[in-house]
>>> print(open('data_38.pdb').read())   # PDB, C-alpha atoms
MODEL        1
ATOM      1  CA  MET A 158      91.130  89.580 104.875
ATOM      2  CA  GLU A 159      87.635  90.234 103.525
ATOM      3  CA  PHE A 160      88.308  93.984 103.447
ATOM      4  CA  GLY A 161      91.504  93.518 101.447
ATOM      5  CA  VAL A 162      89.834  91.226  98.931
ATOM      6  CA  ALA A 163      86.862  93.565  98.552
ATOM      7  CA  THR A 164      89.169  96.546  98.038
ATOM      8  CA  ALA A 165      91.195  94.706  95.393
ATOM      9  CA  ARG A 166      88.049  93.677  93.546
ATOM     10  CA  ARG A 167      86.742  97.235  93.532
ATOM     11  CA  GLY A 168      90.035  98.294  91.972
ATOM     12  CA  TRP A 169      89.649  95.619  89.250
ATOM     13  CA  LEU A 170      92.833  93.853  90.383
ATOM     14  CA  THR A 171      93.549  90.297  89.328
ATOM     15  CA  ALA A 172      95.863  87.715  90.861
ATOM     16  CA  ASP A 173      98.577  88.846  88.408
ATOM     17  CA  ASP A 174      98.506  92.306  89.998
ATOM     18  CA  ILE A 175      99.126  90.989  93.528
ATOM     19  CA  ALA A 176     102.752  90.073  94.275
ATOM     20  CA  ASN A 177     102.134  87.295  96.809
ATOM     21  CA  THR A 178      99.792  85.346  94.493
ATOM     22  CA  ARG A 179     102.569  84.701  91.986
ATOM     23  CA  PRO A 180     104.632  81.520  91.800
ATOM     24  CA  LEU A 181     108.048  81.789  93.448
ATOM     25  CA  ALA A 182     109.866  82.303  90.145
ATOM     26  CA  GLY A 183     107.504  85.127  89.195
ATOM     27  CA  LEU A 184     107.929  86.780  92.579
ATOM     28  CA  ARG A 185     111.715  86.618  92.309
ATOM     29  CA  GLU A 186     111.563  88.143  88.832
ATOM     30  CA  LEU A 187     109.381  90.969  90.092
ATOM     31  CA  LEU A 188     111.737  91.691  92.972
ATOM     32  CA  THR A 189     114.862  91.697  90.795
ATOM     33  CA  ARG A 190     113.271  94.124  88.318
ATOM     34  CA  ARG A 191     112.639  96.624  91.090
TER      35      ARG A 191
ENDMDL
END
>>> encode(input="data_38.pdb", output="structure tokens")
Amino acid sequence: MEFGVATARRGWLTADDIANTRPLAGLRELLTRR
């Protein structure tokens, strides 16, 4: 877990960029757009 978090931070990712940190409605919207 630490490695994944560190990698995301180095890439300047925020919680909005990570699919499984979104609320359920946001995740469903993301999946239907794809």
>>> axis_aligned_box(input="data_38.pdb", around="stretch 181-187 of chain A", padding_each_side="6 Å", output="JSON")
{"center_x": 109.6, "center_y": 86.4, "center_z": 91.1, "size_x": 16.2, "size_y": 21.2, "size_z": 16.6}
>>> atom_distance(input="data_38.pdb", atom1="atom CA of A:Leu187", atom2="atom CA of A:Thr171")
15.9 Å
>>> atom_distance(input="data_38.pdb", atom1="atom CA of A:Glu186", atom2="atom CA of A:Ala163")
27.1 Å
>>> atom_distance(input="data_38.pdb", atom1="atom CA of A:Arg190", atom2="atom CA of A:Gly161")
25.4 Å
